[in-house]
Protein chains: 4
Amino acid sequence: MKRLLDELVYKTRKYTSDGKLASYIPELLKANINDLGIYIIDNRGNESFSGDYNKFFTIQSISKTISLLLALQDNGIEYIMGNIGLESTGKPFDAIDYTESQILRNHINPMVNMGAIAVYHMIKGKTYEEKFHRTLSLAKKLTDNKLVEVDETVYKSEKMTGNKNRAMAYLLLTHKIIEGSVEDVVDMHFKMSSLKVTCKELANIGLILANKGQNMSGEQVVAPKHAMFVNAILTTCGMYDGSGNFAIKVGMPAKSGVGGGIMAVAPRKFGIGIYSPALDRNGNSVAGRKLLENLSQELSLSIF
Amino acid sequence: MKRLLDELVYKTRKYTSDGKLASYIPELLKANINDLGIYIIDNRGNESFSGDYNKFFTIQSISKTISLLLALQDNGIEYIMGNIGLESTGKPFDAIDYTESQILRNHINPMVNMGAIAVYHMIKGKTYEEKFHRTLSLAKKLTDNKLVEVDETVYKSEKMTGNKNRAMAYLLLTHKIIEGSVEDVVDMHFKMSSLKVTCKELANIGLILANKGQNMSGEQVVAPKHAMFVNAILTTCGMYDGSGNFAIKVGMPAKSGVGGGIMAVAPRKFGIGIYSPALDRNGNSVAGRKLLENLSQELSLSIF
Amino acid sequence: MKRLLDELVYKTRKYTSDGKLASYIPELLKANINDLGIYIIDNRGNESFSGDYNKFFTIQSISKTISLLLALQDNGIEYIMGNIGLESTGKPFDAIDYTESQILRNHINPMVNMGAIAVYHMIKGKTYEEKFHRTLSLAKKLTDNKLVEVDETVYKSEKMTGNKNRAMAYLLLTHKIIEGSVEDVVDMHFKMSSLKVTCKELANIGLILANKGQNMSGEQVVAPKHAMFVNAILTTCGMYDGSGNFAIKVGMPAKSGVGGGIMAVAPRKFGIGIYSPALDRNGNSVAGRKLLENLSQELSLSIF
Amino acid sequence: MKRLLDELVYKTRKYTSDGKLASYIPELLKANINDLGIYIIDNRGNESFSGDYNKFFTIQSISKTISLLLALQDNGIEYIMGNIGLESTGKPFDAIDYTESQILRNHINPMVNMGAIAVYHMIKGKTYEEKFHRTLSLAKKLTDNKLVEVDETVYKSEKMTGNKNRAMAYLLLTHKIIEGSVEDVVDMHFKMSSLKVTCKELANIGLILANKGQNMSGEQVVAPKHAMFVNAILTTCGMYDGSGNFAIKVGMPAKSGVGGGIMAVAPRKFGIGIYSPALDRNGNSVAGRKLLENLSQELSLSIF
């Protein structure tokens, strides 16, 4: 496996030159555009890795997976299905389509920003700070790393520039989909997006989703049904507006973040964490996506 | 004229029962739903009135006319035409259609909320408070009433519930169409919307627009070109999503507000102020609109 | 007047180089891109003209004015207002926005293609051929030219390439807004668009609209109310997606066609016909629009 | 297995009362609204069935799977991916969103009508009749039934009422995405939609998709990659605007038709055909969907 990973990293690193670093906050531009790393954990606990697997980056949208798992745990599947949209929006992750007096339910999909903000509100806790700390606790369990924490520089940058998220939160507030302070709910969003991880942390999340909610030690971190729920929504909406293409070419539940990470799930087999910060126009890691495509073919990982 | 107005008010008052009071803030629900009043000033200064012409109400969207006039004065026609949308949105006044990384220019039309907020930013002044006070000064001149002031109860209510306006302001901020504090710019919006007027104040604004910018005393309050600019945009977009219908049936530049007011312009002839708080589904005063339609036919006021 | 027109044509001809000929059918590309002509008729029958006023071109969308007048005559104002959209679409003339099981009423505006097709159906006649001949008869009266006829080459070209119009007609058929053969209704559309005119014919139409429905000889060709109805909708929607801008800069009811014509109305004063085939991106004649803007300023023709 | 199926059919038949028969053509209203049947074939060729498994119905949208497989065979994966949309539209199957001079690529998704029409054009053949006969041949192989044929009554009904499909085809023609006669391409669509099948035929298609393209006899009917391609797009877009919900609750690639059929794929395990004509508002069989949900849970068929 190690040799296969080395070979694939070597072969696909050149695709980094087809992408661009996320530029909406200066911190993300400090990444090394040629980085490419991968970490794989199989369901017996064997670990393999290659390339820049030990570089730190911010989790960004991949954290939507974690907050959704906690909202499922706190409210059950039926409540979540009744209160957010589960169909693809057919639009970019930050689109708003607001006419008459309703927000299109589709746009409150938990994999796009407006839905993610609605999900924070559903997580139990008296304040958004409490909600955040409960979500961070789950993040530590899922990543098998008690030291996971907020990257303060990225967090502050997000907070300074995140006005579109504030716009979304005010719309959600208008329609009583969320309550309380807009600044508090977007603060939780900025913190969750700024969690600092490496490929290994993502691989651990992926493994739990691959293993019906169990971690390497056999502990049931999340319910089997909730893991499967998340795998389903990752397959239909996890890779932004490139999810359909990804399902065909790669065929695995996966979530990407604009920090360059991809967390992928090979059900019953592997959890996979990838890092490569050069992004395509959908906001997905170019070389990371290509690496997953090759890996999926080599190991027949497609669920289809 | 007085007799004609009395007769028309008598005949059209019954239409108030076809409408509903604006309900988004409790204060507007306190209006008397059967009220109907009109005030007309001709270009020699003759004044006529009938019905509930002396009731106070809040100016609401009609103030968009005032802030646009000041922005024109501060920046000139070409700047305004280059920086806001002048075509109809084809959508309600509070619609947001935001896809990819651009706000549709159309939605920054000065007669809908998002455009009105952009206009506040264009008005000169170091702070939004200074911008507001300059606009209030112009409002006093246009209405020929130095006592025009903010209705504090309505203002506070608007401020408490106006989250959709905050959402719009954050989108405008994201795209650098406005700068500074969102709370400050929406505060100016809430204050401008809460100016307390009667039909007479609206008639005075209308007279100046009818008279190429001159008031009764012959003072040039705004430039002739700016008055004509506003009349043009009132005709195409002034009556919300009912502007096309209104142009056919009434044929005058006019602006309505959800407080129940309509300010109408009979170029070279009259300024007209109307009050009747029962609104149709587009947010226009039902009986007020009908009164204008009848008046337009009786006096051949259509510009077409 | 003649001298003024000569001077304005001389001054504005250079703007033809800012536009492009319509290219969707080869015939329109045969026009001379530098042509610019104008014809004005005042309400006492005095005629003035300058430039390429005697060149033939096809009427294109300006014919929508004629068919709407006949539909008004056949059905009355209330029926028309109840069955088509009168608000701006906020979109280009050939846009289709079709979701769920309804066509947005807005898109059946008589000044855009889908609405124009709906209007043909409302005109009385057992067949679309009969409807066309009745409309052609009205066209001859309005243009004061019994020889107005279809340009067979343009008509055949339109018929060969007009698939988007067929798409619209099939949507209207699906929703029972029109009946009968799609090929027949679009055939009427292609014929009406291909009527061959010069500036003089357009000026005559404009004069009747300016004169509350009367032609030079005092004959009431269309009802006063119908002329005013058309002037109103021309002001709000006549210049495609540039109607708001045109209202501000020119301030006259007007309709343009992609053949390069503009028919403009100075109520109570003039009918104006303009020809200049170089178009801006909204499909309006560049130099023609500029000529009208200058003329409007020189003669204070703005209705605002 | 037989006992399980009997039990599930018994338990879920009551859900038929929550749905409605498709009503756009009279023939579909003749179905028995309480029918529910299922047919399962495993990858060793064992067959099980229950309920109304032997009733005939029309395949409708499920045939989109067949024509896509042939287009893949004729053109290869890269060509198809480069020329049609693979992301969810986020809109109903017959939506058209057409602005400016482009059709949104998303709306040419092969699982919605506009995309299906584009796919017919990609299938090799000099005429649409030849394309249809080649597709029918593949349909016979996939269903393992040489007698599959068009239901003439349904076909004629579709042809009479299918104006929305003609509208879509004319739009595709306008943009040169298809060529030739609109009536011919929609005729192919109406024929493909009218193929008469039972649950068994659908189960056979499903088995080949489950078995990487091989049928029960081990014959490679379609390439493994093409089967996986189709499974991927069925998962993201196969159940109309309910695909996200279906992925979570059922977790199998599946395609529904308004005739009441569902073809489902349990990769490496089963092909499943279901019939129950009472539809939910998305156009999916209500009881059929519920039966699949229960079956998926009982046999752990979710791919997630």
# chains A, B, ... in the order shown; residues from 1 in each chain; ligands from 1
>>> residues_around(residues="Gly37 in chain C", least_positions_apart="3", cutoff="8 Å", atoms="only C-alpha atoms", output="CSV table (one decimal) with C-alpha atoms, in the first residue's frame")
chain,number,residue,atom,x,y,z
C,9,VAL,CA,-27.9,63.0,-37.9
C,49,PHE,CA,-36.6,64.0,-42.3
C,50,SER,CA,-32.9,63.6,-42.7
C,51,GLY,CA,-30.2,61.0,-43.5
C,52,ASP,CA,-31.2,57.5,-44.7
C,53,TYR,CA,-34.8,58.1,-44.0
C,54,ASN,CA,-35.9,56.4,-47.2
C,199,CYS,CA,-38.7,55.7,-41.2
C,274,ILE,CA,-35.6,56.2,-36.9
C,275,TYR,CA,-33.4,53.7,-38.7
C,276,SER,CA,-29.9,52.7,-37.9
>>> residues_around(residues="Leu209 in chain B", least_positions_apart="4", cutoff="8 Å", atoms="only C-alpha atoms", output="list in words")
Ile205, Gly213, Gln214, Ala227, Met228, Val230, Asn231, Val265, Pro267 and Gly271 of chain B
>>> select_by_dssp(residues="range 7-150 of chain B", states="alpha helix (DSSP H)", output="compact mmCIF listing (two decimals) with C-alpha atoms, in the first residue's frame")
# COMPACT_ATOMS: atom_id res chain seq x y z
CA GLU B 7 -66.75 62.86 -4.38
CA LEU B 8 -63.80 60.63 -5.33
CA VAL B 9 -62.86 59.98 -1.70
CA TYR B 10 -66.47 59.09 -0.98
CA LYS B 11 -66.66 56.74 -3.98
CA THR B 12 -63.36 54.96 -3.49
CA SER B 63 -38.28 58.20 1.19
CA LYS B 64 -36.28 56.31 -1.46
CA THR B 65 -37.17 59.22 -3.72
CA ILE B 66 -35.53 61.70 -1.35
CA SER B 67 -32.30 59.78 -0.83
CA LEU B 68 -32.00 59.20 -4.59
CA LEU B 69 -32.38 62.94 -5.22
CA LEU B 70 -29.57 63.69 -2.78
CA ALA B 71 -27.33 60.98 -4.23
CA LEU B 72 -27.93 62.51 -7.68
CA GLN B 73 -27.04 65.95 -6.34
CA ASP B 74 -23.90 64.62 -4.67
CA ASN B 75 -22.65 62.48 -7.56
CA ILE B 77 -26.45 61.47 -13.17
CA GLU B 78 -23.67 59.61 -14.94
CA TYR B 79 -22.16 58.28 -11.73
CA ILE B 80 -25.50 57.05 -10.46
CA MET B 81 -26.33 55.43 -13.81
CA GLY B 82 -22.96 53.70 -13.80
CA ASN B 83 -23.25 52.31 -10.30
CA ASN B 113 -34.43 47.79 -0.73
CA MET B 114 -31.04 46.54 -1.82
CA GLY B 115 -30.58 49.46 -4.17
CA ALA B 116 -31.82 51.96 -1.59
CA ILE B 117 -29.12 50.79 0.81
CA ALA B 118 -26.50 51.22 -1.92
CA VAL B 119 -27.81 54.76 -2.48
CA TYR B 120 -27.34 55.71 1.20
CA HIS B 121 -23.67 54.87 0.82
CA MET B 122 -23.35 57.20 -2.19
CA TYR B 128 -24.13 57.43 8.18
CA GLU B 129 -25.45 59.81 10.81
CA GLU B 130 -24.14 62.74 8.81
CA LYS B 131 -25.59 61.23 5.62
CA PHE B 132 -28.91 60.85 7.39
CA HIS B 133 -28.95 64.42 8.61
CA ARG B 134 -28.16 65.75 5.15
CA THR B 135 -30.99 63.64 3.74
CA LEU B 136 -33.35 64.77 6.48
CA SER B 137 -32.52 68.39 5.59
CA LEU B 138 -33.45 67.74 1.97
CA ALA B 139 -36.61 65.98 3.16
CA LYS B 140 -37.63 69.09 5.08
CA LYS B 141 -37.14 71.26 2.02
CA LEU B 142 -38.94 68.89 -0.33
CA THR B 143 -41.89 68.51 2.03
>>> closest_residue(among="B:Leu234, B:Ala167, B:Ile40, B:Val148", to="chain C", atoms="only C-alpha atoms")
B:Leu234
>>> atom_distance(atom1="CA of Lys126 in chain D", atom2="CA of Val182 in chain D")
14.8 Å
>>> residues_around(residues="Leu195 in chain D", least_positions_apart="5", cutoff="10 Å", atoms="only C-alpha atoms", output="PDB file with all heavy atoms, in the first residue's frame")
ATOM      1  N   PHE D  56     -48.348  -5.561 -16.551  1.00  0.00           N
ATOM      2  CA  PHE D  56     -47.614  -4.745 -17.522  1.00  0.00           C
ATOM      3  C   PHE D  56     -47.800  -3.255 -17.221  1.00  0.00           C
ATOM      4  O   PHE D  56     -48.874  -2.830 -16.796  1.00  0.00           O
ATOM      5  CB  PHE D  56     -48.111  -5.030 -18.944  1.00  0.00           C
ATOM      6  CG  PHE D  56     -47.494  -6.266 -19.530  1.00  0.00           C
ATOM      7  CD1 PHE D  56     -48.171  -7.486 -19.514  1.00  0.00           C
ATOM      8  CD2 PHE D  56     -46.219  -6.204 -20.099  1.00  0.00           C
ATOM      9  CE1 PHE D  56     -47.594  -8.624 -20.050  1.00  0.00           C
ATOM     10  CE2 PHE D  56     -45.642  -7.351 -20.643  1.00  0.00           C
ATOM     11  CZ  PHE D  56     -46.328  -8.565 -20.618  1.00  0.00           C
ATOM     12  N   PHE D  57     -46.767  -2.505 -17.442  1.00  0.00           N
ATOM     13  CA  PHE D  57     -46.848  -1.041 -17.335  1.00  0.00           C
ATOM     14  C   PHE D  57     -45.807  -0.446 -18.286  1.00  0.00           C
ATOM     15  O   PHE D  57     -44.990  -1.183 -18.836  1.00  0.00           O
ATOM     16  CB  PHE D  57     -46.606  -0.579 -15.885  1.00  0.00           C
ATOM     17  CG  PHE D  57     -45.317  -1.076 -15.291  1.00  0.00           C
ATOM     18  CD1 PHE D  57     -44.157  -0.306 -15.346  1.00  0.00           C
ATOM     19  CD2 PHE D  57     -45.258  -2.334 -14.676  1.00  0.00           C
ATOM     20  CE1 PHE D  57     -42.967  -0.776 -14.807  1.00  0.00           C
ATOM     21  CE2 PHE D  57     -44.059  -2.815 -14.144  1.00  0.00           C
ATOM     22  CZ  PHE D  57     -42.914  -2.034 -14.204  1.00  0.00           C
ATOM     23  N   THR D  58     -45.851   0.874 -18.483  1.00  0.00           N
ATOM     24  CA  THR D  58     -44.859   1.476 -19.389  1.00  0.00           C
ATOM     25  C   THR D  58     -43.643   1.959 -18.603  1.00  0.00           C
ATOM     26  O   THR D  58     -43.754   2.442 -17.482  1.00  0.00           O
ATOM     27  CB  THR D  58     -45.455   2.630 -20.218  1.00  0.00           C
ATOM     28  OG1 THR D  58     -46.134   3.531 -19.351  1.00  0.00           O
ATOM     29  CG2 THR D  58     -46.418   2.100 -21.268  1.00  0.00           C
ATOM     30  N   ILE D  59     -42.504   1.810 -19.233  1.00  0.00           N
ATOM     31  CA  ILE D  59     -41.214   2.007 -18.565  1.00  0.00           C
ATOM     32  C   ILE D  59     -40.941   3.475 -18.222  1.00  0.00           C
ATOM     33  O   ILE D  59     -40.271   3.783 -17.255  1.00  0.00           O
ATOM     34  CB  ILE D  59     -40.093   1.419 -19.452  1.00  0.00           C
ATOM     35  CG1 ILE D  59     -38.774   1.305 -18.703  1.00  0.00           C
ATOM     36  CG2 ILE D  59     -39.925   2.258 -20.727  1.00  0.00           C
ATOM     37  CD1 ILE D  59     -37.737   0.448 -19.433  1.00  0.00           C
ATOM     38  N   GLN D  60     -41.473   4.370 -19.061  1.00  0.00           N
ATOM     39  CA  GLN D  60     -41.305   5.824 -18.878  1.00  0.00           C
ATOM     40  C   GLN D  60     -39.835   6.212 -18.641  1.00  0.00           C
ATOM     41  O   GLN D  60     -38.980   5.725 -19.367  1.00  0.00           O
ATOM     42  CB  GLN D  60     -42.227   6.310 -17.749  1.00  0.00           C
ATOM     43  CG  GLN D  60     -43.717   6.069 -18.046  1.00  0.00           C
ATOM     44  CD  GLN D  60     -44.264   6.909 -19.202  1.00  0.00           C
ATOM     45  OE1 GLN D  60     -43.664   7.899 -19.597  1.00  0.00           O
ATOM     46  NE2 GLN D  60     -45.383   6.498 -19.792  1.00  0.00           N
ATOM     47  N   ILE D  62     -37.524   5.327 -16.789  1.00  0.00           N
ATOM     48  CA  ILE D  62     -36.505   4.303 -16.534  1.00  0.00           C
ATOM     49  C   ILE D  62     -35.746   4.000 -17.822  1.00  0.00           C
ATOM     50  O   ILE D  62     -34.585   3.582 -17.798  1.00  0.00           O
ATOM     51  CB  ILE D  62     -37.146   3.027 -15.934  1.00  0.00           C
ATOM     52  CG1 ILE D  62     -37.926   3.407 -14.678  1.00  0.00           C
ATOM     53  CG2 ILE D  62     -36.107   1.953 -15.633  1.00  0.00           C
ATOM     54  CD1 ILE D  62     -38.820   2.300 -14.120  1.00  0.00           C
ATOM     55  N   SER D  63     -36.396   4.251 -18.978  1.00  0.00           N
ATOM     56  CA  SER D  63     -35.709   4.020 -20.249  1.00  0.00           C
ATOM     57  C   SER D  63     -34.533   4.981 -20.451  1.00  0.00           C
ATOM     58  O   SER D  63     -33.667   4.729 -21.291  1.00  0.00           O
ATOM     59  CB  SER D  63     -36.694   4.157 -21.413  1.00  0.00           C
ATOM     60  OG  SER D  63     -37.061   5.511 -21.579  1.00  0.00           O
ATOM     61  N   LEU D 136     -33.755  -0.032 -28.821  1.00  0.00           N
ATOM     62  CA  LEU D 136     -34.695  -1.108 -28.509  1.00  0.00           C
ATOM     63  C   LEU D 136     -33.962  -2.446 -28.433  1.00  0.00           C
ATOM     64  O   LEU D 136     -34.242  -3.278 -27.551  1.00  0.00           O
ATOM     65  CB  LEU D 136     -35.809  -1.155 -29.570  1.00  0.00           C
ATOM     66  CG  LEU D 136     -36.893  -2.211 -29.355  1.00  0.00           C
ATOM     67  CD1 LEU D 136     -37.622  -2.015 -28.029  1.00  0.00           C
ATOM     68  CD2 LEU D 136     -37.908  -2.191 -30.514  1.00  0.00           C
ATOM     69  N   ALA D 139     -32.381  -2.591 -25.206  1.00  0.00           N
ATOM     70  CA  ALA D 139     -33.424  -2.779 -24.193  1.00  0.00           C
ATOM     71  C   ALA D 139     -33.789  -4.257 -24.080  1.00  0.00           C
ATOM     72  O   ALA D 139     -33.966  -4.789 -22.975  1.00  0.00           O
ATOM     73  CB  ALA D 139     -34.654  -1.950 -24.544  1.00  0.00           C
ATOM     74  N   VAL D 148     -39.953  -7.314 -25.836  1.00  0.00           N
ATOM     75  CA  VAL D 148     -40.259  -5.952 -25.375  1.00  0.00           C
ATOM     76  C   VAL D 148     -40.658  -5.082 -26.568  1.00  0.00           C
ATOM     77  O   VAL D 148     -39.980  -5.068 -27.586  1.00  0.00           O
ATOM     78  CB  VAL D 148     -39.042  -5.327 -24.653  1.00  0.00           C
ATOM     79  CG1 VAL D 148     -39.214  -3.818 -24.483  1.00  0.00           C
ATOM     80  CG2 VAL D 148     -38.845  -5.995 -23.302  1.00  0.00           C
ATOM     81  N   GLU D 149     -41.782  -4.378 -26.422  1.00  0.00           N
ATOM     82  CA  GLU D 149     -42.244  -3.544 -27.536  1.00  0.00           C
ATOM     83  C   GLU D 149     -42.979  -2.310 -27.012  1.00  0.00           C
ATOM     84  O   GLU D 149     -43.280  -2.193 -25.830  1.00  0.00           O
ATOM     85  CB  GLU D 149     -43.151  -4.354 -28.460  1.00  0.00           C
ATOM     86  CG  GLU D 149     -44.395  -4.852 -27.743  1.00  0.00           C
ATOM     87  CD  GLU D 149     -45.322  -5.663 -28.649  1.00  0.00           C
ATOM     88  OE1 GLU D 149     -45.041  -5.796 -29.842  1.00  0.00           O
ATOM     89  OE2 GLU D 149     -46.340  -6.156 -28.125  1.00  0.00           O
ATOM     90  N   VAL D 150     -43.262  -1.428 -27.936  1.00  0.00           N
ATOM     91  CA  VAL D 150     -43.942  -0.180 -27.603  1.00  0.00           C
ATOM     92  C   VAL D 150     -45.430  -0.441 -27.328  1.00  0.00           C
ATOM     93  O   VAL D 150     -46.080  -1.185 -28.061  1.00  0.00           O
ATOM     94  CB  VAL D 150     -43.797   0.813 -28.782  1.00  0.00           C
ATOM     95  CG1 VAL D 150     -44.706   2.021 -28.600  1.00  0.00           C
ATOM     96  CG2 VAL D 150     -42.341   1.237 -28.932  1.00  0.00           C
ATOM     97  N   ASP D 151     -45.961   0.156 -26.264  1.00  0.00           N
ATOM     98  CA  ASP D 151     -47.409   0.139 -26.020  1.00  0.00           C
ATOM     99  C   ASP D 151     -48.006   1.226 -26.917  1.00  0.00           C
ATOM    100  O   ASP D 151     -47.842   2.425 -26.642  1.00  0.00           O
ATOM    101  CB  ASP D 151     -47.672   0.448 -24.533  1.00  0.00           C
ATOM    102  CG  ASP D 151     -49.147   0.440 -24.194  1.00  0.00           C
ATOM    103  OD1 ASP D 151     -49.943   1.009 -24.981  1.00  0.00           O
ATOM    104  OD2 ASP D 151     -49.502  -0.114 -23.144  1.00  0.00           O
ATOM    105  N   GLU D 152     -48.676   0.798 -27.965  1.00  0.00           N
ATOM    106  CA  GLU D 152     -49.089   1.753 -29.011  1.00  0.00           C
ATOM    107  C   GLU D 152     -50.052   2.818 -28.472  1.00  0.00           C
ATOM    108  O   GLU D 152     -50.004   3.978 -28.889  1.00  0.00           O
ATOM    109  CB  GLU D 152     -49.729   1.022 -30.201  1.00  0.00           C
ATOM    110  CG  GLU D 152     -48.741   0.228 -31.050  1.00  0.00           C
ATOM    111  CD  GLU D 152     -47.744   1.123 -31.810  1.00  0.00           C
ATOM    112  OE1 GLU D 152     -48.137   2.264 -32.182  1.00  0.00           O
ATOM    113  OE2 GLU D 152     -46.581   0.706 -31.996  1.00  0.00           O
ATOM    114  N   VAL D 154     -50.328   4.063 -25.335  1.00  0.00           N
ATOM    115  CA  VAL D 154     -49.598   5.050 -24.544  1.00  0.00           C
ATOM    116  C   VAL D 154     -48.735   5.924 -25.453  1.00  0.00           C
ATOM    117  O   VAL D 154     -48.722   7.155 -25.336  1.00  0.00           O
ATOM    118  CB  VAL D 154     -48.731   4.358 -23.460  1.00  0.00           C
ATOM    119  CG1 VAL D 154     -47.813   5.370 -22.769  1.00  0.00           C
ATOM    120  CG2 VAL D 154     -49.620   3.658 -22.437  1.00  0.00           C
ATOM    121  N   TYR D 155     -48.053   5.286 -26.394  1.00  0.00           N
ATOM    122  CA  TYR D 155     -47.201   6.030 -27.329  1.00  0.00           C
ATOM    123  C   TYR D 155     -47.988   7.121 -28.054  1.00  0.00           C
ATOM    124  O   TYR D 155     -47.554   8.280 -28.137  1.00  0.00           O
ATOM    125  CB  TYR D 155     -46.560   5.058 -28.327  1.00  0.00           C
ATOM    126  CG  TYR D 155     -46.074   5.682 -29.599  1.00  0.00           C
ATOM    127  CD1 TYR D 155     -45.029   6.605 -29.599  1.00  0.00           C
ATOM    128  CD2 TYR D 155     -46.663   5.353 -30.830  1.00  0.00           C
ATOM    129  CE1 TYR D 155     -44.582   7.187 -30.778  1.00  0.00           C
ATOM    130  CE2 TYR D 155     -46.227   5.926 -32.008  1.00  0.00           C
ATOM    131  CZ  TYR D 155     -45.186   6.843 -31.974  1.00  0.00           C
ATOM    132  OH  TYR D 155     -44.757   7.420 -33.142  1.00  0.00           O
ATOM    133  N   PHE D 190     -40.990   9.444 -27.119  1.00  0.00           N
ATOM    134  CA  PHE D 190     -42.301   8.893 -26.780  1.00  0.00           C
ATOM    135  C   PHE D 190     -42.284   7.366 -26.884  1.00  0.00           C
ATOM    136  O   PHE D 190     -42.879   6.676 -26.058  1.00  0.00           O
ATOM    137  CB  PHE D 190     -43.379   9.486 -27.697  1.00  0.00           C
ATOM    138  CG  PHE D 190     -43.480  10.989 -27.612  1.00  0.00           C
ATOM    139  CD1 PHE D 190     -43.706  11.758 -28.752  1.00  0.00           C
ATOM    140  CD2 PHE D 190     -43.340  11.649 -26.392  1.00  0.00           C
ATOM    141  CE1 PHE D 190     -43.783  13.155 -28.667  1.00  0.00           C
ATOM    142  CE2 PHE D 190     -43.421  13.042 -26.303  1.00  0.00           C
ATOM    143  CZ  PHE D 190     -43.642  13.800 -27.447  1.00  0.00           C
TER     144      PHE D 190
END
>>> select_by_dssp(residues="range 52-283 of chain D", states="strand (DSSP E or B)", output="ChimeraX atom specification")
/D:57-58,96-99,102-103,150,195-197,214,220,254-256,261-266,270-275,279
>>> residues_around(residues="range 161-165 of chain C", least_positions_apart="4", cutoff="7 Å", atoms="only C-alpha atoms", output="JSON, numbers by chain")
{"C": [157, 169, 186], "D": [170, 171, 173, 174]}
